[in-house]
file final-v3.txt (compact mmCIF, C-alpha atoms)
# COMPACT_ATOMS: atom_id res chain seq x y z
CA MET W 473 35.49 9.41 -8.42
CA ASN W 474 36.54 7.40 -11.45
CA ARG W 475 34.36 6.65 -14.47
CA SER W 476 33.73 2.98 -13.60
CA ILE W 477 32.46 3.86 -10.10
CA CYS W 478 30.16 6.58 -11.54
CA LEU W 479 28.75 4.14 -14.07
CA GLY W 480 28.24 1.58 -11.34
CA LEU W 481 26.32 4.01 -9.13
CA MET W 482 24.22 5.12 -12.08
CA THR W 483 23.38 1.51 -12.87
CA ILE W 484 22.39 0.83 -9.27
CA GLY W 485 20.28 4.00 -9.18
CA LEU W 486 18.56 3.11 -12.44
CA GLY W 487 17.88 -0.40 -11.16
CA ILE W 488 16.28 0.95 -7.97
CA PHE W 489 14.16 3.39 -10.00
CA LEU W 490 12.96 0.71 -12.42
CA SER W 491 12.19 -1.62 -9.53
CA SER W 492 10.04 1.03 -7.83
CA VAL W 493 8.23 1.70 -11.11
CA ASN W 494 7.55 -2.01 -11.57
CA VAL W 495 6.26 -2.29 -7.99
CA SER W 496 3.97 0.72 -8.49
CA GLU W 497 2.64 -0.70 -11.75
CA ALA W 498 2.04 -4.07 -10.11
CA ARG W 499 0.13 -2.44 -7.26
CA ALA W 500 -1.98 -0.43 -9.74
CA GLN W 501 -2.78 -3.63 -11.65
CA ASN W 502 -3.76 -5.36 -8.41
CA VAL W 503 -6.05 -2.46 -7.48
CA LEU W 504 -7.56 -2.41 -10.97
CA GLY W 505 -8.19 -6.14 -10.80
CA GLU W 506 -10.01 -5.73 -7.48
CA ILE W 507 -12.09 -2.81 -8.84
CA LEU W 508 -13.18 -4.80 -11.90
CA LYS W 509 -14.00 -7.78 -9.66
CA ARG W 510 -16.24 -5.63 -7.44
CA MET W 511 -17.84 -3.99 -10.48
CA ASP W 512 -18.64 -7.43 -11.86
CA MET W 513 -20.19 -8.53 -8.55
CA ASN W 514 -22.26 -5.35 -8.41
CA ASN W 515 -23.32 -5.79 -12.02
CA LYS W 516 -24.47 -9.36 -11.47
CA SER W 517 -26.40 -8.52 -8.30
CA LEU W 518 -28.10 -5.40 -9.69
CA GLN W 519 -31.72 -6.15 -10.62
CA SER W 520 -32.99 -2.58 -10.80
CA LEU W 521 -31.98 0.96 -9.92
CA LYS W 522 -33.63 4.30 -9.26
CA ALA W 523 -31.65 7.48 -8.57
CA ASP W 524 -31.40 11.22 -8.93
CA VAL W 525 -29.23 12.24 -11.87
CA THR W 526 -27.25 15.36 -12.74
CA MET W 527 -25.77 15.88 -16.20
CA GLU W 528 -23.16 18.49 -17.09
CA LYS W 529 -22.30 19.17 -20.73
CA HIS W 530 -19.12 21.22 -21.14
CA ASN W 531 -17.99 23.03 -24.29
CA PRO W 532 -14.27 23.82 -23.84
CA GLN W 533 -14.12 26.10 -26.90
CA LEU W 534 -16.76 28.42 -25.46
CA ASP W 535 -15.95 27.51 -21.85
CA THR W 536 -19.63 26.95 -21.11
CA THR W 537 -21.31 24.28 -18.99
CA ASP W 538 -25.00 23.37 -19.14
CA THR W 539 -26.41 21.52 -16.12
CA THR W 540 -29.56 19.39 -16.24
CA ILE W 541 -31.21 17.76 -13.21
CA GLY W 542 -33.73 14.96 -12.94
CA SER W 543 -34.23 11.30 -11.99
CA THR W 544 -33.55 7.97 -13.64
CA SER W 545 -34.83 4.40 -13.53
CA TYR W 546 -32.95 1.38 -14.86
CA LEU W 547 -33.49 -2.31 -15.57
CA PRO W 548 -30.40 -4.23 -16.72
CA LYS W 549 -30.22 -6.40 -19.81
CA THR W 550 -31.24 -10.05 -19.37
CA ALA W 551 -31.49 -13.05 -21.68
CA LYS W 552 -35.12 -12.09 -22.36
CA ARG W 553 -34.89 -8.30 -22.74
CA ALA W 554 -32.62 -5.38 -23.60
CA ASN W 555 -31.53 -2.86 -20.99
CA TYR W 556 -34.17 -0.26 -20.07
CA VAL W 557 -33.33 3.30 -19.02
CA ARG W 558 -35.71 6.17 -18.31
CA ILE W 559 -34.60 9.70 -17.50
CA ASP W 560 -37.03 12.43 -16.45
CA TRP W 561 -35.42 15.86 -16.57
CA THR W 562 -37.10 18.51 -14.45
CA ARG W 563 -34.62 21.41 -14.63
CA PRO W 564 -34.01 23.69 -16.44
CA VAL W 565 -36.80 22.34 -18.70
CA GLU W 566 -39.04 19.27 -18.66
CA GLU W 567 -37.91 16.43 -20.93
CA HIS W 568 -38.44 12.66 -20.80
CA ILE W 569 -36.17 10.01 -22.30
CA ALA W 570 -36.68 6.27 -22.68
CA VAL W 571 -33.80 4.09 -23.85
CA ILE W 572 -34.39 0.45 -24.78
CA GLY W 573 -31.25 -1.27 -26.00
CA ASP W 574 -29.55 1.35 -28.13
CA ASP W 575 -32.73 3.07 -29.29
CA TYR W 576 -34.16 6.11 -27.57
CA GLU W 577 -37.15 8.43 -27.61
CA LEU W 578 -36.81 11.98 -26.31
CA TRP W 579 -40.11 13.70 -25.55
CA ARG W 580 -40.12 17.49 -25.31
CA PRO W 581 -43.58 18.55 -24.08
CA ARG W 582 -42.96 22.29 -24.56
CA LEU W 583 -42.23 21.71 -28.25
CA ASN W 584 -44.82 18.94 -28.71
CA GLN W 585 -42.20 16.71 -30.34
CA VAL W 586 -40.53 13.34 -29.90
CA ILE W 587 -37.01 12.73 -31.21
CA VAL W 588 -36.15 9.13 -32.08
CA GLY W 589 -32.56 7.99 -32.47
CA ASN W 590 -29.51 5.97 -31.44
CA ALA W 591 -28.32 6.55 -27.85
CA SER W 592 -24.62 6.06 -28.59
CA LYS W 593 -24.77 8.81 -31.23
CA ALA W 594 -26.96 11.24 -29.28
CA LYS W 595 -25.72 14.82 -29.07
CA ASN W 596 -28.51 16.32 -26.96
CA SER W 597 -29.82 15.54 -23.50
CA ALA W 598 -30.39 11.95 -24.61
CA SER W 599 -26.62 11.47 -24.49
CA ALA W 600 -27.03 10.74 -20.79
CA GLY W 601 -28.39 7.35 -21.81
CA GLY W 602 -25.10 6.61 -23.54
CA ALA W 603 -23.09 7.68 -20.52
CA LEU W 604 -25.23 5.55 -18.22
CA ALA W 605 -24.52 2.52 -20.44
CA PHE W 606 -20.97 2.43 -19.08
CA MET W 607 -22.37 1.92 -15.61
CA SER W 608 -23.96 -1.40 -16.57
CA MET W 609 -21.08 -3.02 -18.47
CA SER W 610 -19.68 -6.31 -17.22
CA LYS W 611 -15.99 -6.84 -16.48
CA GLU W 612 -15.62 -8.83 -19.70
CA GLN W 613 -17.30 -6.11 -21.78
CA LEU W 614 -14.98 -3.49 -20.33
CA LYS W 615 -11.83 -5.57 -20.84
CA THR W 616 -12.85 -6.65 -24.35
CA ASN W 617 -13.79 -3.22 -25.68
CA TYR W 618 -11.53 -0.85 -23.74
CA ASN W 619 -8.04 -0.35 -22.43
CA VAL W 620 -8.79 0.30 -18.76
CA VAL W 621 -6.40 2.37 -16.64
CA TYR W 622 -6.62 3.05 -12.90
CA LEU W 623 -6.10 6.79 -12.27
CA GLY W 624 -6.27 6.77 -8.47
CA GLU W 625 -8.69 7.53 -5.63
CA GLU W 626 -10.89 10.60 -5.85
CA GLN W 627 -13.83 12.20 -4.07
CA ILE W 628 -16.83 13.12 -6.19
CA SER W 629 -19.63 15.59 -5.46
CA GLY W 630 -21.09 14.85 -2.04
CA GLY W 631 -17.75 13.67 -0.67
CA THR W 632 -18.04 10.02 -1.66
CA LYS W 633 -14.66 8.30 -2.08
CA THR W 634 -14.29 6.49 -5.39
CA TRP W 635 -11.83 4.77 -7.69
CA HIS W 636 -11.23 6.72 -10.90
CA LEU W 637 -10.89 4.71 -14.15
CA GLN W 638 -10.12 5.77 -17.71
CA LEU W 639 -11.56 3.77 -20.63
CA THR W 640 -10.01 4.09 -24.09
CA PRO W 641 -11.90 2.28 -26.88
CA LYS W 642 -9.91 -0.41 -28.67
CA ALA W 643 -11.92 0.21 -31.85
CA ALA W 644 -12.98 3.51 -33.43
CA MET W 645 -15.90 5.12 -31.58
CA SER W 646 -17.78 8.41 -31.79
CA TYR W 647 -15.87 9.53 -28.67
CA LYS W 648 -12.19 9.53 -27.65
CA THR W 649 -12.30 8.27 -24.09
CA ALA W 650 -14.60 7.75 -21.15
CA GLU W 651 -14.04 7.86 -17.39
CA LEU W 652 -15.77 6.12 -14.50
CA TRP W 653 -15.83 6.82 -10.77
CA VAL W 654 -16.62 3.63 -8.83
CA ASP W 655 -17.47 3.27 -5.13
CA GLY W 656 -16.19 0.57 -2.77
CA ASP W 657 -19.12 -1.73 -3.61
CA GLY W 658 -18.24 -1.66 -7.30
CA MET W 659 -21.11 0.69 -8.20
CA PRO W 660 -20.21 3.30 -10.84
CA LEU W 661 -21.53 6.61 -9.48
CA GLN W 662 -20.26 8.95 -12.18
CA ALA W 663 -19.43 8.61 -15.87
CA LYS W 664 -17.77 11.07 -18.23
CA VAL W 665 -17.60 10.84 -22.02
CA ILE W 666 -15.01 12.90 -23.93
CA GLU W 667 -16.03 13.53 -27.54
CA GLN W 668 -13.66 13.82 -30.50
CA ASN W 669 -13.98 17.64 -30.34
CA ASN W 670 -13.24 17.55 -26.56
CA ASP W 671 -16.83 18.34 -25.55
CA THR W 672 -17.69 16.35 -22.43
CA THR W 673 -20.82 14.86 -20.91
CA THR W 674 -20.65 13.99 -17.20
CA VAL W 675 -23.46 12.07 -15.49
CA LEU W 676 -23.63 11.77 -11.68
CA LEU W 677 -25.98 9.46 -9.77
CA SER W 678 -27.09 10.22 -6.21
CA ASN W 679 -29.72 8.98 -3.72
CA ILE W 680 -29.41 5.54 -5.30
CA GLN W 681 -32.00 2.83 -4.60
CA LYS W 682 -30.96 -0.65 -5.72
CA ASN W 683 -33.11 -3.70 -6.44
CA ILE W 684 -36.49 -2.10 -5.90
CA THR W 685 -39.59 -3.16 -7.84
CA LEU W 686 -39.82 -1.40 -11.21
CA ASN W 687 -42.50 -2.25 -13.75
CA ALA W 688 -41.24 -2.37 -17.34
CA SER W 689 -44.29 -0.33 -18.39
CA ILE W 690 -42.77 2.85 -16.88
CA PHE W 691 -40.19 2.85 -19.69
CA LYS W 692 -42.86 3.56 -22.28
CA LEU W 693 -43.31 7.31 -22.69
CA ASP W 694 -46.94 8.37 -22.43
CA TYR W 695 -46.97 11.29 -24.85
CA PRO W 696 -50.06 12.51 -26.80
CA LYS W 697 -50.75 11.22 -30.30
CA SER W 698 -50.54 14.76 -31.65
CA VAL W 699 -46.77 15.02 -31.12
CA LYS W 700 -44.46 15.42 -34.09
CA LYS W 701 -41.90 12.61 -34.40
CA ILE W 702 -38.43 13.56 -35.64
CA LYS W 703 -35.65 11.14 -36.55
CA ALA W 704 -32.29 12.19 -35.09

call {"tool": "encode", "arguments": {"input": "final-v3.txt", "output": "structure tokens"}}
result
Amino acid sequence: MNRSICLGLMTIGLGIFLSSVNVSEARAQNVLGEILKRMDMNNKSLQSLKADVTMEKHNPQLDTTDTTIGSTSYLPKTAKRANYVRIDWTRPVEEHIAVIGDDYELWRPRLNQVIVGNASKAKNSASAGGALAFMSMSKEQLKTNYNVVYLGEEQISGGTKTWHLQLTPKAAMSYKTAELWVDGDGMPLQAKVIEQNNDTTTVLLSNIQKNITLNASIFKLDYPKSVKKIKA
């Protein structure tokens, strides 16, 4: 086979390969567009949420994972109020967290203390509030603040089929990347935050109840006046 024929076949082969790559990328973009559309519809229709929540914090250097189990309640941000999140951990120890906007209170009854801080910078069990924030972002917020990549379909704990997304901040953040697992209705069921040191926090929602009546008063922690307040 002469050189010109070989070059011709190589050119054809490369053209076919690039065409298939372009088709795959186009399909991925179409899927991503549909996911973001459904997420936006879910976000706009969500008036309240109550669910069980499981948080796993993994330290890759020590290869250790701490699991915390509890329940959460949520009211989305409106023109008249900030977003409200409450998390009541029951295992392995009792702790209660209220997040309003980006401010949180973490009440630890066994220590008779309340920690006050910023949810996006939280490094303890309050970091779940930061992870849950990804679940309430609009399509425009996601597209404006993150480079969003579709990673494929994946089953999460319990066997639910989801779409897996990776979010890379466009501006410097306290974390490197985040990931979301979204169901067919556009509801994010799981969020994962990867810190700069590669520690991860993964939050999973289950037994979800949408648009039930939740009184804003439940987001105020009812701790005794004798507690010691600590600024995070």

call {"tool": "residues_around", "arguments": {"input": "final-v3.txt", "residues": "stretch 570-579 of chain W", "least_positions_apart": "3", "cutoff": "7 Å", "atoms": "all atoms listed in the file", "output": "PyMOL selection string"}}
result
chain W and resi 554-559+567+585-592+598+601+691-693

call {"tool": "closest_residue", "arguments": {"input": "final-v3.txt", "among": "W:Lys549, W:His568, W:Lys703, W:Lys516", "to": "W:Pro581", "atoms": "only C-alpha atoms"}}
result
W:His568

call {"tool": "atom_distance", "arguments": {"input": "final-v3.txt", "atom1": "atom CA of W:Asn515", "atom2": "atom CA of W:Ser608"}}
result
6.4 Å

call {"tool": "closest_residue", "arguments": {"input": "final-v3.txt", "among": "W:Thr673, W:Ser610, W:His636, W:Asp655", "to": "W:Pro532", "atoms": "all atoms listed in the file"}}
result
W:Thr673

call {"tool": "closest_residue", "arguments": {"input": "final-v3.txt", "among": "W:Gly658, W:Gly631, W:Pro641, W:Gly542", "to": "W:Lys611", "atoms": "all atoms listed in the file"}}
result
W:Gly658

call {"tool": "residues_near_point", "arguments": {"input": "final-v3.txt", "point": "(-16.2, 13.2, -26.1)", "cutoff": "9 Å", "atoms": "all atoms listed in the file", "output": "list in words"}}
result
Ser646, Tyr647, Lys648, Thr649, Ala650, Lys664, Val665, Ile666, Glu667, Gln668, Asn669, Asn670, Asp671, Thr672 and Thr673 of chain W

call {"tool": "write_last_selection", "arguments": {"input": "final-v3.txt", "atoms": "C-alpha atoms", "output": "short mmCIF file (atom, residue, chain, number, x, y, z; two decimals), keeping the file's coordinate frame"}}
result
data_model
loop_
_atom_site.label_atom_id
_atom_site.label_comp_id
_atom_site.auth_asym_id
_atom_site.auth_seq_id
_atom_site.Cartn_x
_atom_site.Cartn_y
_atom_site.Cartn_z
CA SER W 646 -17.78 8.41 -31.79
CA TYR W 647 -15.87 9.53 -28.67
CA LYS W 648 -12.19 9.53 -27.65
CA THR W 649 -12.30 8.27 -24.09
CA ALA W 650 -14.60 7.75 -21.15
CA LYS W 664 -17.77 11.07 -18.23
CA VAL W 665 -17.60 10.84 -22.02
CA ILE W 666 -15.01 12.90 -23.93
CA GLU W 667 -16.03 13.53 -27.54
CA GLN W 668 -13.66 13.82 -30.50
CA ASN W 669 -13.98 17.64 -30.34
CA ASN W 670 -13.24 17.55 -26.56
CA ASP W 671 -16.83 18.34 -25.55
CA THR W 672 -17.69 16.35 -22.43
CA THR W 673 -20.82 14.86 -20.91
#

call {"tool": "residues_around", "arguments": {"input": "final-v3.txt", "residues": "W:Val654", "least_positions_apart": "5", "cutoff": "10 Å", "atoms": "all atoms listed in the file", "output": "PyMOL selection string"}}
result
chain W and resi 507-508+510-511+607+625-626+628+632-637+659-663

call {"tool": "atom_distance", "arguments": {"input": "final-v3.txt", "atom1": "atom CA of W:Met609", "atom2": "atom CA of W:Met527"}}
result
19.6 Å

call {"tool": "atom_distance", "arguments": {"input": "final-v3.txt", "atom1": "atom CA of W:Arg563", "atom2": "atom CA of W:Arg580"}}
result
12.6 Å

call {"tool": "closest_residue", "arguments": {"input": "final-v3.txt", "among": "W:Thr540, W:Ser517, W:Ser545, W:Arg553", "to": "W:Glu566", "atoms": "only C-alpha atoms"}}
result
W:Thr540

call {"tool": "closest_residue", "arguments": {"input": "final-v3.txt", "among": "W:Val699, W:Leu652, W:Leu676, W:Ile569", "to": "W:Asn584", "atoms": "all atoms listed in the file"}}
result
W:Val699

call {"tool": "residues_near_point", "arguments": {"input": "final-v3.txt", "point": "(-37.3, 7.6, -10.3)", "cutoff": "7 Å", "atoms": "all atoms listed in the file", "output": "PyMOL selection string"}}
result
chain W and resi 522-523+543-545

call {"tool": "closest_residue", "arguments": {"input": "final-v3.txt", "among": "W:Leu614, W:Val621, W:Leu547, W:Leu504", "to": "W:Ser689", "atoms": "only C-alpha atoms"}}
result
W:Leu547
